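Down below is the structure, laid out as structure tokens.
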Protein chains: 2
Amino acid sequence: MTRPGREAGRQTRAALREAALALFVEQGYEPVTMAAIANQIGGYPNQVTHHFGSKDALFAEASGLAILRAARHAEQAAVHADSIESHARILIASLLGPGASSVMMFAEAMLMARNKAALRPSIQSALDRLHAVGEATLLETLSRHRWKIRTSPEMVTRAFWASVLGLALEKAATGDAFEHQSAEAVALSMMNLNQDYIAKIE
Amino acid sequence: MTRPGREAGRQTRAALREAALALFVEQGYEPVTMAAIANQIGGYPNQVTHHFGSKDALFAEASGLAILRAARHAEQAAVHADSIESHARILIASLLGPGASSVMMFAEAMLMARNKAALRPSIQSALDRLHAVGEATLLETLSRHRWKIRTSPEMVTRAFWASVLGLALEKAATGDAFEHQSAEAVALSMMNLNQDYIAKIE
């Protein structure tokens with residue numbers, strides 16, 4: 001049995017992470033203070049330090065959670081796609097639309113980890129999970145529709161996430177002037193990975 | 001004729017930009033001060049403000065220059081590639097190897113522009129140039145080798161840069177643990193863009 005104290009601590013930790021996630025997604029890293037995060041749950045800044053060690057570490061962990069959720073929402077949006085082309089386009093539109101802030105937040109945490117090695121395990125674990133979940137979902141989607149792809153689902157998933165992170169940077173930098181040609185170019189490169197396979201096996 | 005004062009100003013501006021580029025590539029945005037930049041050319045911090053307006057604006061401009069140079073070095077490294085597959089792999093290896101700091105610097109500037117709209121024109125102009133130069137070089141490479149691709153050079157170039165920026169984030173976050181599978185997945189997606197074309201036209 002879990003001790004009541006430990007369970008309460010676990011709940012406080014989860015509540016702080018949710019509060020941080022919401023504030024960071026809305027405002028970005030810089031303006032959010034430990035006090036503002038603690039305040040959301042009627043707590044104190046030292047609770048953030050106690051549970052996460054630092055604002056950076058909390059940001060890294062929350063950003064991993066944010067991008068994993070954005071990925072799940074994108075998959076849900078794409079579940080009724082009637083072709084693998086349409087599936088790729090819906091995923092990208094969701095991740096650069098409603099999911100864009102979450103993808104940008106994770107991109108910021110990735111860059112932060114460059115000079116803060118302590119953040120890496122958390123980012124690496126989110127990235128591994130992103131790849132694993134993406135690969136599993138792709139396999140499930142392919143088998144449900146009897147769609148075929150040429151490259152291994154692992155490789156498609158890795159190329160997909162590298163591209164989406166790059167597109168999110170482009171969107172961060174250009175705002176409303178974001179050129180959808182770039183998103184279409186990525187969708188096209190994903191599709192060609194697939195079409196080529198069909199051409200070869202049929 | 002250019003007035004001597006204007007010419008001297010132009011030279012000071014260029015020297016400051018070079019000094020800033022070197023310091024930023026080496027140390028990242030945060031630790032570099034205006035004083036340290038000015039000091040490199042025996043000048044004063046107010047010269048940075050005079051010529052660039054702010055540290056942010058100088059960072060954005062220097063990062064655009066950095067990634068354009070990294071792109072040129074990558075093309076030079078790939079000039080003797082004997083297939084389009086090898087060409088793609090050499091470009092990626094160069095941009096994630098010797099060019100990695102420059103690509104990460106540009107990625108950081110892109111994210112910074114999200115909340116600082118004043119930086120966008122400078123980033124947008126570097127991005128446009130990156131796409132235009134990439135497209136022109138790709139066209140030249142294709143015509144020199146009589147290689148063929150399926151998608152338009154513009155689309156290949158856009159997908160390429162989105163992927164490389166995403167890979168640079170992954171490298172920033174994982175350091176020595178960077179999984180080359182991801183780079184290979186991107187190279188593969190670029191190649192398939194090409195092979196598919198050959199399959200269709202021959």
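Each chain of the structure tokens is named A, B, ... in the order shown, its residues numbered from 1; ligands are numbered from 1 in display order.
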
Q) What's the 9 Å shell around stretch 96-104 of chain B, counting only C-alpha atoms, without same-chain residues fewer than 5 positions away, as a PyMOL selection string? A) (chain A and resi 111) or (chain B and resi 25-26+28+63-71+73-74+91+109+164-165+167-169+171-172+183)

Could you take the residues named above and write them with N, CA, C and O atoms, as an mmCIF file, in the first residue's frame?
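For reference, result-v2.cif as written:
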data_model
loop_
_atom_site.group_PDB
_atom_site.id
_atom_site.type_symbol
_atom_site.label_atom_id
_atom_site.label_comp_id
_atom_site.auth_asym_id
_atom_site.auth_seq_id
_atom_site.Cartn_x
_atom_site.Cartn_y
_atom_site.Cartn_z
ATOM 1 N N LEU A 111 16.523 22.944 -27.218
ATOM 2 C CA LEU A 111 17.656 23.867 -27.360
ATOM 3 C C LEU A 111 18.266 24.184 -25.997
ATOM 4 O O LEU A 111 19.480 24.328 -25.869
ATOM 5 N N VAL B 25 28.283 31.774 -31.920
ATOM 6 C CA VAL B 25 28.422 30.375 -32.336
ATOM 7 C C VAL B 25 29.129 29.582 -31.238
ATOM 8 O O VAL B 25 28.763 28.444 -30.933
ATOM 9 N N GLU B 26 30.110 30.214 -30.613
ATOM 10 C CA GLU B 26 30.906 29.526 -29.605
ATOM 11 C C GLU B 26 30.152 29.372 -28.281
ATOM 12 O O GLU B 26 30.175 28.314 -27.667
ATOM 13 N N GLY B 28 26.701 30.639 -27.538
ATOM 14 C CA GLY B 28 25.233 30.747 -27.489
ATOM 15 C C GLY B 28 24.822 32.179 -27.180
ATOM 16 O O GLY B 28 25.668 33.034 -26.926
ATOM 17 N N SER B 63 22.904 35.099 -36.996
ATOM 18 C CA SER B 63 22.516 33.694 -37.133
ATOM 19 C C SER B 63 22.125 33.363 -38.578
ATOM 20 O O SER B 63 22.378 32.256 -39.051
ATOM 21 N N GLY B 64 21.531 34.335 -39.265
ATOM 22 C CA GLY B 64 21.201 34.135 -40.675
ATOM 23 C C GLY B 64 22.468 33.958 -41.509
ATOM 24 O O GLY B 64 22.557 33.073 -42.357
ATOM 25 N N LEU B 65 23.453 34.800 -41.212
ATOM 26 C CA LEU B 65 24.740 34.700 -41.896
ATOM 27 C C LEU B 65 25.397 33.344 -41.594
ATOM 28 O O LEU B 65 25.938 32.686 -42.495
ATOM 29 N N ALA B 66 25.321 32.936 -40.330
ATOM 30 C CA ALA B 66 25.952 31.674 -39.911
ATOM 31 C C ALA B 66 25.361 30.480 -40.660
ATOM 32 O O ALA B 66 26.094 29.624 -41.165
ATOM 33 N N ILE B 67 24.034 30.415 -40.760
ATOM 34 C CA ILE B 67 23.444 29.239 -41.404
ATOM 35 C C ILE B 67 23.673 29.271 -42.917
ATOM 36 O O ILE B 67 23.887 28.227 -43.542
ATOM 37 N N LEU B 68 23.700 30.456 -43.512
ATOM 38 C CA LEU B 68 23.985 30.540 -44.945
ATOM 39 C C LEU B 68 25.408 30.058 -45.245
ATOM 40 O O LEU B 68 25.644 29.366 -46.239
ATOM 41 N N ARG B 69 26.344 30.404 -44.359
ATOM 42 C CA ARG B 69 27.719 29.913 -44.547
ATOM 43 C C ARG B 69 27.800 28.418 -44.341
ATOM 44 O O ARG B 69 28.487 27.718 -45.080
ATOM 45 N N ALA B 70 27.099 27.906 -43.326
ATOM 46 C CA ALA B 70 27.104 26.460 -43.078
ATOM 47 C C ALA B 70 26.537 25.728 -44.297
ATOM 48 O O ALA B 70 27.027 24.664 -44.690
ATOM 49 N N ALA B 71 25.510 26.330 -44.921
ATOM 50 C CA ALA B 71 24.907 25.726 -46.114
ATOM 51 C C ALA B 71 25.928 25.701 -47.259
ATOM 52 O O ALA B 71 26.041 24.711 -47.987
ATOM 53 N N HIS B 73 29.238 25.685 -46.994
ATOM 54 C CA HIS B 73 30.265 24.676 -46.705
ATOM 55 C C HIS B 73 29.747 23.272 -46.978
ATOM 56 O O HIS B 73 30.469 22.433 -47.493
ATOM 57 N N ALA B 74 28.498 23.024 -46.629
ATOM 58 C CA ALA B 74 27.912 21.697 -46.865
ATOM 59 C C ALA B 74 27.886 21.397 -48.366
ATOM 60 O O ALA B 74 28.230 20.296 -48.796
ATOM 61 N N LEU B 91 25.511 16.373 -47.307
ATOM 62 C CA LEU B 91 24.924 17.641 -46.848
ATOM 63 C C LEU B 91 24.500 17.540 -45.387
ATOM 64 O O LEU B 91 24.835 18.388 -44.558
ATOM 65 N N ALA B 109 17.352 31.634 -32.913
ATOM 66 C CA ALA B 109 16.850 32.934 -33.377
ATOM 67 C C ALA B 109 15.409 32.809 -33.889
ATOM 68 O O ALA B 109 14.580 33.703 -33.680
ATOM 69 N N VAL B 164 16.369 19.326 -41.500
ATOM 70 C CA VAL B 164 17.695 19.588 -40.922
ATOM 71 C C VAL B 164 17.568 20.423 -39.646
ATOM 72 O O VAL B 164 18.258 20.177 -38.655
ATOM 73 N N LEU B 165 16.653 21.393 -39.644
ATOM 74 C CA LEU B 165 16.443 22.196 -38.429
ATOM 75 C C LEU B 165 15.932 21.313 -37.288
ATOM 76 O O LEU B 165 16.375 21.433 -36.146
ATOM 77 N N LEU B 167 16.464 18.050 -36.982
ATOM 78 C CA LEU B 167 17.576 17.185 -36.567
ATOM 79 C C LEU B 167 18.544 17.940 -35.667
ATOM 80 O O LEU B 167 19.092 17.376 -34.709
ATOM 81 N N ALA B 168 18.774 19.228 -35.969
ATOM 82 C CA ALA B 168 19.692 20.023 -35.146
ATOM 83 C C ALA B 168 19.141 20.175 -33.730
ATOM 84 O O ALA B 168 19.894 20.143 -32.753
ATOM 85 N N LEU B 169 17.813 20.317 -33.599
ATOM 86 C CA LEU B 169 17.200 20.365 -32.266
ATOM 87 C C LEU B 169 17.450 19.050 -31.533
ATOM 88 O O LEU B 169 17.786 19.028 -30.353
ATOM 89 N N LYS B 171 19.821 16.973 -32.015
ATOM 90 C CA LYS B 171 21.236 16.889 -31.638
ATOM 91 C C LYS B 171 21.526 17.789 -30.430
ATOM 92 O O LYS B 171 22.291 17.415 -29.537
ATOM 93 N N ALA B 172 20.927 18.983 -30.398
ATOM 94 C CA ALA B 172 21.127 19.887 -29.259
ATOM 95 C C ALA B 172 20.666 19.206 -27.972
ATOM 96 O O ALA B 172 21.310 19.315 -26.927
ATOM 97 N N ALA B 183 19.015 10.945 -38.608
ATOM 98 C CA ALA B 183 19.625 11.586 -39.777
ATOM 99 C C ALA B 183 19.452 10.699 -41.004
ATOM 100 O O ALA B 183 19.138 11.167 -42.102
#

I'd like a table as JSON lines: residues in chain A with an atom no more than 6 Å from chain B, each row giving the shortest atom pair and its distance in Å to one decimal, only C-alpha atoms counted, sorted by chain and rising residue number.
{"residue": "A:Met110", "atom": "CA", "partner": "B:Ala173", "partner_atom": "CA", "distance": 4.5}
{"residue": "A:Leu111", "atom": "CA", "partner": "B:Ala172", "partner_atom": "CA", "distance": 5.6}
{"residue": "A:Ala113", "atom": "CA", "partner": "B:Ala173", "partner_atom": "CA", "distance": 5.0}
{"residue": "A:Arg114", "atom": "CA", "partner": "B:Ala172", "partner_atom": "CA", "distance": 4.6}
{"residue": "A:Arg120", "atom": "CA", "partner": "B:Ala173", "partner_atom": "CA", "distance": 6.0}
{"residue": "A:Met155", "atom": "CA", "partner": "B:Ala185", "partner_atom": "CA", "distance": 4.9}
{"residue": "A:Arg158", "atom": "CA", "partner": "B:Ser182", "partner_atom": "CA", "distance": 5.4}
{"residue": "A:Ala159", "atom": "CA", "partner": "B:Val186", "partner_atom": "CA", "distance": 4.9}
{"residue": "A:Ala162", "atom": "CA", "partner": "B:Gly166", "partner_atom": "CA", "distance": 4.2}
{"residue": "A:Ser163", "atom": "CA", "partner": "B:Ser163", "partner_atom": "CA", "distance": 4.1}
{"residue": "A:Leu165", "atom": "CA", "partner": "B:Gly166", "partner_atom": "CA", "distance": 4.8}
{"residue": "A:Gly166", "atom": "CA", "partner": "B:Ala162", "partner_atom": "CA", "distance": 4.2}
{"residue": "A:Leu167", "atom": "CA", "partner": "B:Ala162", "partner_atom": "CA", "distance": 5.4}
{"residue": "A:Leu169", "atom": "CA", "partner": "B:Met110", "partner_atom": "CA", "distance": 5.8}
{"residue": "A:Ala172", "atom": "CA", "partner": "B:Arg114", "partner_atom": "CA", "distance": 4.6}
{"residue": "A:Ala173", "atom": "CA", "partner": "B:Met110", "partner_atom": "CA", "distance": 4.5}
{"residue": "A:Ser182", "atom": "CA", "partner": "B:Arg158", "partner_atom": "CA", "distance": 5.4}
{"residue": "A:Ala185", "atom": "CA", "partner": "B:Met155", "partner_atom": "CA", "distance": 4.9}
{"residue": "A:Val186", "atom": "CA", "partner": "B:Ala159", "partner_atom": "CA", "distance": 4.9}
{"residue": "A:Asn192", "atom": "CA", "partner": "B:Leu193", "partner_atom": "CA", "distance": 5.9}
{"residue": "A:Leu193", "atom": "CA", "partner": "B:Asn192", "partner_atom": "CA", "distance": 5.9}
{"residue": "A:Asp196", "atom": "CA", "partner": "B:Asp196", "partner_atom": "CA", "distance": 5.5}

What separates atom CA of A:Val32 and atom CA of A:Ala20 is a distance of 8.3 Å

Sel. of helix (DSSP H, G or I) residues, stretch 86-156 of chain A, as an MDAnalysis selection string
chainID A and resid 86:96 100:112 117:145 153:156

Write out the residues from the selection above, keeping C-alpha atoms, as an mmCIF file, in the first residue's frame.
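File produced: selection.cif:
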data_model
loop_
_atom_site.group_PDB
_atom_site.id
_atom_site.type_symbol
_atom_site.label_atom_id
_atom_site.label_comp_id
_atom_site.auth_asym_id
_atom_site.auth_seq_id
_atom_site.Cartn_x
_atom_site.Cartn_y
_atom_site.Cartn_z
ATOM 1 C CA SER A 86 -4.705 12.632 -46.115
ATOM 2 C CA HIS A 87 -3.503 11.063 -42.847
ATOM 3 C CA ALA A 88 -0.105 12.795 -43.176
ATOM 4 C CA ARG A 89 -1.693 16.147 -44.062
ATOM 5 C CA ILE A 90 -4.100 16.058 -41.087
ATOM 6 C CA LEU A 91 -1.299 15.178 -38.647
ATOM 7 C CA ILE A 92 0.825 18.091 -39.873
ATOM 8 C CA ALA A 93 -2.115 20.543 -39.887
ATOM 9 C CA SER A 94 -2.970 19.618 -36.300
ATOM 10 C CA LEU A 95 0.624 19.841 -35.019
ATOM 11 C CA LEU A 96 1.160 23.236 -36.688
ATOM 12 C CA ALA A 100 1.872 24.449 -32.488
ATOM 13 C CA SER A 101 2.489 26.013 -29.059
ATOM 14 C CA SER A 102 3.248 22.594 -27.588
ATOM 15 C CA VAL A 103 5.647 21.670 -30.396
ATOM 16 C CA MET A 104 7.408 25.050 -30.065
ATOM 17 C CA MET A 105 7.635 24.579 -26.286
ATOM 18 C CA PHE A 106 9.343 21.219 -26.766
ATOM 19 C CA ALA A 107 11.670 22.744 -29.386
ATOM 20 C CA GLU A 108 12.654 25.413 -26.845
ATOM 21 C CA ALA A 109 13.350 22.755 -24.194
ATOM 22 C CA MET A 110 15.487 20.800 -26.703
ATOM 23 C CA LEU A 111 17.656 23.867 -27.360
ATOM 24 C CA MET A 112 17.880 24.583 -23.638
ATOM 25 C CA ALA A 117 22.975 18.392 -19.623
ATOM 26 C CA ALA A 118 20.766 17.767 -16.573
ATOM 27 C CA LEU A 119 17.691 18.344 -18.768
ATOM 28 C CA ARG A 120 18.669 15.714 -21.322
ATOM 29 C CA PRO A 121 17.293 12.543 -19.714
ATOM 30 C CA SER A 122 13.840 14.103 -19.495
ATOM 31 C CA ILE A 123 13.899 15.367 -23.112
ATOM 32 C CA GLN A 124 15.397 12.118 -24.374
ATOM 33 C CA SER A 125 12.692 10.124 -22.660
ATOM 34 C CA ALA A 126 9.926 12.264 -24.231
ATOM 35 C CA LEU A 127 11.589 11.946 -27.639
ATOM 36 C CA ASP A 128 11.864 8.172 -27.290
ATOM 37 C CA ARG A 129 8.221 7.991 -26.310
ATOM 38 C CA LEU A 130 7.220 10.245 -29.217
ATOM 39 C CA HIS A 131 9.033 7.918 -31.609
ATOM 40 C CA ALA A 132 7.675 4.745 -29.967
ATOM 41 C CA VAL A 133 4.069 5.951 -29.841
ATOM 42 C CA GLY A 134 4.304 7.314 -33.406
ATOM 43 C CA GLU A 135 5.660 4.029 -34.680
ATOM 44 C CA ALA A 136 2.999 1.956 -32.870
ATOM 45 C CA THR A 137 0.188 4.206 -34.095
ATOM 46 C CA LEU A 138 1.503 4.123 -37.649
ATOM 47 C CA LEU A 139 1.675 0.311 -37.564
ATOM 48 C CA GLU A 140 -1.863 0.136 -36.220
ATOM 49 C CA THR A 141 -3.120 2.610 -38.874
ATOM 50 C CA LEU A 142 -1.409 0.699 -41.683
ATOM 51 C CA SER A 143 -2.807 -2.619 -40.563
ATOM 52 C CA ARG A 144 -6.339 -1.273 -40.033
ATOM 53 C CA HIS A 145 -6.494 0.216 -43.554
ATOM 54 C CA PRO A 153 7.602 2.662 -39.583
ATOM 55 C CA GLU A 154 10.495 3.619 -37.288
ATOM 56 C CA MET A 155 12.249 5.543 -40.059
ATOM 57 C CA VAL A 156 9.049 7.229 -41.263
#

Next on the checklist: With only C-alpha atoms as the counted atoms, please give the residues lying no more than 10 Å from B:Ala15, apart from itself and same-chain residues fewer than 3 positions off, as number ranges by chain.
Outcome noted: B: 9-12, 18-21, 37-38, 40-41

Since we have the selection now, will you write its residues out, keeping all heavy atoms, as a PDB file, in the first residue's frame?
ATOM      1  N   GLY B   9      31.539  53.416 -41.536  1.00  0.00           N
ATOM      2  CA  GLY B   9      30.414  52.883 -40.766  1.00  0.00           C
ATOM      3  C   GLY B   9      30.054  51.489 -41.228  1.00  0.00           C
ATOM      4  O   GLY B   9      29.788  50.591 -40.416  1.00  0.00           O
ATOM      5  N   ARG B  10      30.052  51.307 -42.546  1.00  0.00           N
ATOM      6  CA  ARG B  10      29.720  50.000 -43.120  1.00  0.00           C
ATOM      7  C   ARG B  10      30.728  48.934 -42.654  1.00  0.00           C
ATOM      8  O   ARG B  10      30.372  47.811 -42.322  1.00  0.00           O
ATOM      9  CB  ARG B  10      29.736  50.107 -44.651  1.00  0.00           C
ATOM     10  CG  ARG B  10      28.776  49.181 -45.380  1.00  0.00           C
ATOM     11  CD  ARG B  10      28.998  49.257 -46.892  1.00  0.00           C
ATOM     12  NE  ARG B  10      30.400  49.020 -47.259  1.00  0.00           N
ATOM     13  CZ  ARG B  10      30.979  47.815 -47.309  1.00  0.00           C
ATOM     14  NH1 ARG B  10      30.293  46.730 -47.011  1.00  0.00           N
ATOM     15  NH2 ARG B  10      32.243  47.697 -47.654  1.00  0.00           N
ATOM     16  N   GLN B  11      32.001  49.345 -42.641  1.00  0.00           N
ATOM     17  CA  GLN B  11      33.059  48.413 -42.216  1.00  0.00           C
ATOM     18  C   GLN B  11      32.937  48.074 -40.732  1.00  0.00           C
ATOM     19  O   GLN B  11      33.123  46.917 -40.339  1.00  0.00           O
ATOM     20  CB  GLN B  11      34.439  48.992 -42.515  1.00  0.00           C
ATOM     21  CG  GLN B  11      34.783  48.897 -43.993  1.00  0.00           C
ATOM     22  CD  GLN B  11      36.137  49.497 -44.326  1.00  0.00           C
ATOM     23  OE1 GLN B  11      36.909  49.822 -43.432  1.00  0.00           O
ATOM     24  NE2 GLN B  11      36.422  49.671 -45.610  1.00  0.00           N
ATOM     25  N   THR B  12      32.622  49.067 -39.915  1.00  0.00           N
ATOM     26  CA  THR B  12      32.440  48.816 -38.479  1.00  0.00           C
ATOM     27  C   THR B  12      31.282  47.850 -38.260  1.00  0.00           C
ATOM     28  O   THR B  12      31.377  46.893 -37.485  1.00  0.00           O
ATOM     29  CB  THR B  12      32.142  50.130 -37.725  1.00  0.00           C
ATOM     30  OG1 THR B  12      33.208  51.034 -37.980  1.00  0.00           O
ATOM     31  CG2 THR B  12      32.018  49.895 -36.228  1.00  0.00           C
ATOM     32  N   GLU B  18      30.728  40.141 -37.626  1.00  0.00           N
ATOM     33  CA  GLU B  18      31.644  38.989 -37.619  1.00  0.00           C
ATOM     34  C   GLU B  18      32.036  38.619 -36.196  1.00  0.00           C
ATOM     35  O   GLU B  18      32.075  37.434 -35.831  1.00  0.00           O
ATOM     36  CB  GLU B  18      32.920  39.304 -38.404  1.00  0.00           C
ATOM     37  CG  GLU B  18      32.762  39.311 -39.906  1.00  0.00           C
ATOM     38  CD  GLU B  18      32.289  37.979 -40.475  1.00  0.00           C
ATOM     39  OE1 GLU B  18      32.602  36.922 -39.898  1.00  0.00           O
ATOM     40  OE2 GLU B  18      31.575  38.001 -41.488  1.00  0.00           O
ATOM     41  N   ALA B  19      32.345  39.637 -35.383  1.00  0.00           N
ATOM     42  CA  ALA B  19      32.750  39.393 -33.993  1.00  0.00           C
ATOM     43  C   ALA B  19      31.607  38.716 -33.234  1.00  0.00           C
ATOM     44  O   ALA B  19      31.811  37.749 -32.489  1.00  0.00           O
ATOM     45  CB  ALA B  19      33.136  40.701 -33.319  1.00  0.00           C
ATOM     46  N   ALA B  20      30.399  39.239 -33.453  1.00  0.00           N
ATOM     47  CA  ALA B  20      29.218  38.693 -32.772  1.00  0.00           C
ATOM     48  C   ALA B  20      28.989  37.245 -33.201  1.00  0.00           C
ATOM     49  O   ALA B  20      28.736  36.363 -32.373  1.00  0.00           O
ATOM     50  CB  ALA B  20      27.993  39.537 -33.096  1.00  0.00           C
ATOM     51  N   LEU B  21      29.080  37.011 -34.518  1.00  0.00           N
ATOM     52  CA  LEU B  21      28.851  35.669 -35.042  1.00  0.00           C
ATOM     53  C   LEU B  21      29.780  34.655 -34.359  1.00  0.00           C
ATOM     54  O   LEU B  21      29.333  33.611 -33.874  1.00  0.00           O
ATOM     55  CB  LEU B  21      29.074  35.689 -36.561  1.00  0.00           C
ATOM     56  CG  LEU B  21      28.593  34.502 -37.384  1.00  0.00           C
ATOM     57  CD1 LEU B  21      28.445  34.906 -38.843  1.00  0.00           C
ATOM     58  CD2 LEU B  21      29.483  33.297 -37.262  1.00  0.00           C
ATOM     59  N   ILE B  37      31.236  41.904 -27.427  1.00  0.00           N
ATOM     60  CA  ILE B  37      31.234  42.006 -28.897  1.00  0.00           C
ATOM     61  C   ILE B  37      32.042  43.227 -29.334  1.00  0.00           C
ATOM     62  O   ILE B  37      32.937  43.135 -30.182  1.00  0.00           O
ATOM     63  CB  ILE B  37      29.792  42.085 -29.446  1.00  0.00           C
ATOM     64  CG1 ILE B  37      29.033  40.785 -29.144  1.00  0.00           C
ATOM     65  CG2 ILE B  37      29.797  42.370 -30.949  1.00  0.00           C
ATOM     66  CD1 ILE B  37      27.523  40.875 -29.326  1.00  0.00           C
ATOM     67  N   ALA B  38      31.729  44.371 -28.732  1.00  0.00           N
ATOM     68  CA  ALA B  38      32.418  45.614 -29.086  1.00  0.00           C
ATOM     69  C   ALA B  38      33.911  45.502 -28.811  1.00  0.00           C
ATOM     70  O   ALA B  38      34.754  45.956 -29.602  1.00  0.00           O
ATOM     71  CB  ALA B  38      31.812  46.779 -28.305  1.00  0.00           C
ATOM     72  N   GLN B  40      35.855  43.034 -29.040  1.00  0.00           N
ATOM     73  CA  GLN B  40      36.554  42.276 -30.081  1.00  0.00           C
ATOM     74  C   GLN B  40      37.117  43.179 -31.176  1.00  0.00           C
ATOM     75  O   GLN B  40      38.076  42.822 -31.844  1.00  0.00           O
ATOM     76  CB  GLN B  40      35.597  41.277 -30.749  1.00  0.00           C
ATOM     77  CG  GLN B  40      35.133  40.146 -29.855  1.00  0.00           C
ATOM     78  CD  GLN B  40      36.197  39.090 -29.686  1.00  0.00           C
ATOM     79  OE1 GLN B  40      36.812  38.659 -30.665  1.00  0.00           O
ATOM     80  NE2 GLN B  40      36.458  38.685 -28.457  1.00  0.00           N
ATOM     81  N   ILE B  41      36.476  44.319 -31.408  1.00  0.00           N
ATOM     82  CA  ILE B  41      36.971  45.199 -32.470  1.00  0.00           C
ATOM     83  C   ILE B  41      37.510  46.503 -31.866  1.00  0.00           C
ATOM     84  O   ILE B  41      37.692  47.482 -32.587  1.00  0.00           O
ATOM     85  CB  ILE B  41      35.882  45.502 -33.540  1.00  0.00           C
ATOM     86  CG1 ILE B  41      34.735  46.356 -32.941  1.00  0.00           C
ATOM     87  CG2 ILE B  41      35.311  44.230 -34.143  1.00  0.00           C
ATOM     88  CD1 ILE B  41      33.984  47.152 -34.021  1.00  0.00           C
TER      89      ILE B  41
END

Here atom CA of B:Ala14 and atom CA of B:Glu75 stand apart by 24.4 Å

Exercise for the section: Record the distance separating atom CA of A:Phe24 and atom CA of A:Phe59, expressed in Å with one decimal. Expected result: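 Pair atom CA of A:Phe24 / atom CA of A:Phe59 returns 7.5 Å.
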